[in-house]
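Novice: Below is the structure I would like to discuss, written out as structure tokens.
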Amino acid sequence: MSAKRSDYISWDEYFMGVAHLSGMRSKDPNTQVGACIVSPDNKILSMGYNGFPKGCSDDEFPWERENDNDRNLTKYPFVTHSELNAILNYRGGSLEGTKLYVSLFPCNECAKAIIQAGIRTVVYDSDKYEGTPSNRAAKRMFDAAGVNYVQYRKTGRMIRIEV
Ligand SMILES: Nc1ccn([C@H]2C[C@H](O)[C@@H](COP(=O)(O)O)O2)c(=O)n1
Ligand SMILES: [Zn+2]
């Protein structure tokens, strides 16, 4: 009888890997974000990435970060964030007590949705907007609402998938 494999990925590597994979679907040229919601018994309940809402064409709505195009528009009023998409994509009922893996720390608007959905723990990778008003507001609301947030500890493992 052979021994079981020992180099399998951990739950955290698996779920953060899925969050990053989901983010690879994003059409945002600057920042791609992915999210994965997991039940207390380690089942993936939902996933999401940042993009425009249904019916809002990726080719017609603006991807600019600044108002320097002829239409004077940026992506910000239109884009749905990965965390909100993951929450809204879930059709199974309650997300009470679940864990969210996300490749970028949630903004204040997503923090409100995360709290109201009953998500109890946020595992995030990058915190590249640390210290901004939105980031500070999100952390303040998580602290007040008892949502735990922990930064993912990178293991350095490269996960390569040929598709
Ligand atoms: N936690 C987050 C933060 C941001 N997003 C989205 C929103 C935009 O599409 C992009 C950020 O763009 P940037 O200002 O870095 O050019 O990421 C998200 O989905 N979740
Ligand atoms: Zn957000």
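Quick note on naming: the chains in the structure tokens go A, B, ... in the order shown, residues restart at 1 in each chain, and ligands are numbered from 1 in order of appearance.
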List all protein, DNA and RNA residues that have any atom at most 9 Å from ligand 2, counting only C-alpha atoms and all ligand atoms, and write the list as a PyMOL selection string.
Specialist: chain A and resi 50+80-84+105-111+113
Novice: How would the residues just picked look written out with all heavy atoms as a tab-separated table (two decimals), in the first residue's frame?
Specialist:
```tsv
chain	number	residue	atom	x	y	z
A	50	ASN	N	-13.75	41.51	-9.20
A	50	ASN	CA	-14.23	42.87	-9.49
A	50	ASN	C	-14.55	43.04	-10.97
A	50	ASN	O	-13.77	42.63	-11.84
A	50	ASN	CB	-13.22	43.94	-9.02
A	50	ASN	CG	-11.81	43.74	-9.53
A	50	ASN	OD1	-11.33	42.62	-9.66
A	50	ASN	ND2	-11.13	44.83	-9.82
A	80	THR	N	-18.30	46.64	-9.48
A	80	THR	CA	-18.72	45.90	-8.27
A	80	THR	C	-17.49	45.19	-7.75
A	80	THR	O	-16.79	44.50	-8.50
A	80	THR	CB	-19.81	44.85	-8.60
A	80	THR	OG1	-20.86	45.48	-9.31
A	80	THR	CG2	-20.37	44.22	-7.35
A	81	HIS	N	-17.22	45.34	-6.47
A	81	HIS	CA	-16.02	44.76	-5.89
A	81	HIS	C	-16.17	43.24	-5.74
A	81	HIS	O	-17.29	42.71	-5.65
A	81	HIS	CB	-15.72	45.40	-4.54
A	81	HIS	CG	-15.25	46.83	-4.68
A	81	HIS	ND1	-14.69	47.55	-3.65
A	81	HIS	CD2	-15.25	47.65	-5.77
A	81	HIS	CE1	-14.37	48.76	-4.10
A	81	HIS	NE2	-14.70	48.84	-5.37
A	82	SER	N	-15.04	42.57	-5.69
A	82	SER	CA	-15.04	41.09	-5.65
A	82	SER	C	-15.80	40.55	-4.44
A	82	SER	O	-16.53	39.56	-4.55
A	82	SER	CB	-13.61	40.58	-5.61
A	82	SER	OG	-13.00	40.92	-4.38
A	83	GLU	N	-15.65	41.21	-3.29
A	83	GLU	CA	-16.29	40.71	-2.06
A	83	GLU	C	-17.81	40.81	-2.17
A	83	GLU	O	-18.53	39.89	-1.78
A	83	GLU	CB	-15.83	41.53	-0.84
A	83	GLU	CG	-14.34	41.61	-0.64
A	83	GLU	CD	-13.68	42.80	-1.31
A	83	GLU	OE1	-13.96	43.07	-2.50
A	83	GLU	OE2	-12.88	43.47	-0.65
A	84	LEU	N	-18.26	41.96	-2.72
A	84	LEU	CA	-19.71	42.14	-2.86
A	84	LEU	C	-20.24	41.13	-3.89
A	84	LEU	O	-21.30	40.52	-3.68
A	84	LEU	CB	-20.04	43.57	-3.28
A	84	LEU	CG	-21.53	43.90	-3.31
A	84	LEU	CD1	-22.17	43.73	-1.92
A	84	LEU	CD2	-21.77	45.33	-3.79
A	105	PHE	N	-7.41	43.75	0.88
A	105	PHE	CA	-8.22	44.11	2.06
A	105	PHE	C	-9.50	44.85	1.62
A	105	PHE	O	-9.44	45.76	0.78
A	105	PHE	CB	-7.41	45.00	3.01
A	105	PHE	CG	-8.06	45.10	4.36
A	105	PHE	CD1	-7.76	44.18	5.35
A	105	PHE	CD2	-9.02	46.07	4.61
A	105	PHE	CE1	-8.40	44.24	6.58
A	105	PHE	CE2	-9.67	46.14	5.83
A	105	PHE	CZ	-9.36	45.22	6.82
A	106	PRO	N	-10.64	44.50	2.19
A	106	PRO	CA	-11.91	45.11	1.77
A	106	PRO	C	-11.98	46.62	2.00
A	106	PRO	O	-11.41	47.15	2.96
A	106	PRO	CB	-12.95	44.41	2.66
A	106	PRO	CG	-12.29	43.14	3.08
A	106	PRO	CD	-10.83	43.44	3.18
A	107	CYS	N	-12.70	47.30	1.13
A	107	CYS	CA	-12.95	48.73	1.29
A	107	CYS	C	-14.09	48.92	2.31
A	107	CYS	O	-14.70	47.95	2.77
A	107	CYS	CB	-13.33	49.35	-0.05
A	107	CYS	SG	-14.99	48.90	-0.58
A	108	ASN	N	-14.40	50.16	2.64
A	108	ASN	CA	-15.45	50.43	3.64
A	108	ASN	C	-16.82	49.96	3.19
A	108	ASN	O	-17.62	49.47	3.99
A	108	ASN	CB	-15.48	51.92	4.00
A	108	ASN	CG	-15.80	52.80	2.80
A	108	ASN	OD1	-15.13	52.72	1.77
A	108	ASN	ND2	-16.82	53.62	2.90
A	109	GLU	N	-17.11	50.08	1.87
A	109	GLU	CA	-18.44	49.66	1.39
A	109	GLU	C	-18.57	48.13	1.49
A	109	GLU	O	-19.61	47.62	1.91
A	109	GLU	CB	-18.67	50.14	-0.05
A	109	GLU	CG	-18.79	51.64	-0.19
A	109	GLU	CD	-19.97	52.23	0.60
A	109	GLU	OE1	-20.99	51.55	0.76
A	109	GLU	OE2	-19.83	53.39	1.09
A	110	CYS	N	-17.54	47.42	1.09
A	110	CYS	CA	-17.59	45.96	1.20
A	110	CYS	C	-17.60	45.53	2.66
A	110	CYS	O	-18.24	44.53	3.02
A	110	CYS	CB	-16.42	45.31	0.47
A	110	CYS	SG	-16.57	45.48	-1.31
A	111	ALA	N	-16.91	46.30	3.51
A	111	ALA	CA	-16.90	45.96	4.95
A	111	ALA	C	-18.32	45.97	5.50
A	111	ALA	O	-18.71	45.07	6.26
A	111	ALA	CB	-16.01	46.94	5.71
A	113	ALA	N	-21.08	45.38	3.84
A	113	ALA	CA	-21.78	44.21	3.31
A	113	ALA	C	-21.31	42.93	4.02
A	113	ALA	O	-22.11	42.04	4.32
A	113	ALA	CB	-21.56	44.11	1.80
```
Novice: Looking only at the backbone, which of the residues in chain A does DSSP tag as helix (DSSP H, G or I), as a PyMOL selection string?
Specialist: chain A and resi 11-23+82-89+108-117+133-145
Novice: Of the candidates A:Lys99, A:Arg71, A:Lys27, A:Arg140, which shows the shortest atom-to-atom distance to ligand 1, using only C-alpha atoms and all ligand atoms?
Specialist: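 Nearest to ligand 1: A:Lys27.
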Novice: Which is closer to Arg65 (chain A) than all the others in A:Asp41, A:Asp7, A:Asp28, A:Asp12, using only C-alpha atoms?
Specialist: A:Asp28
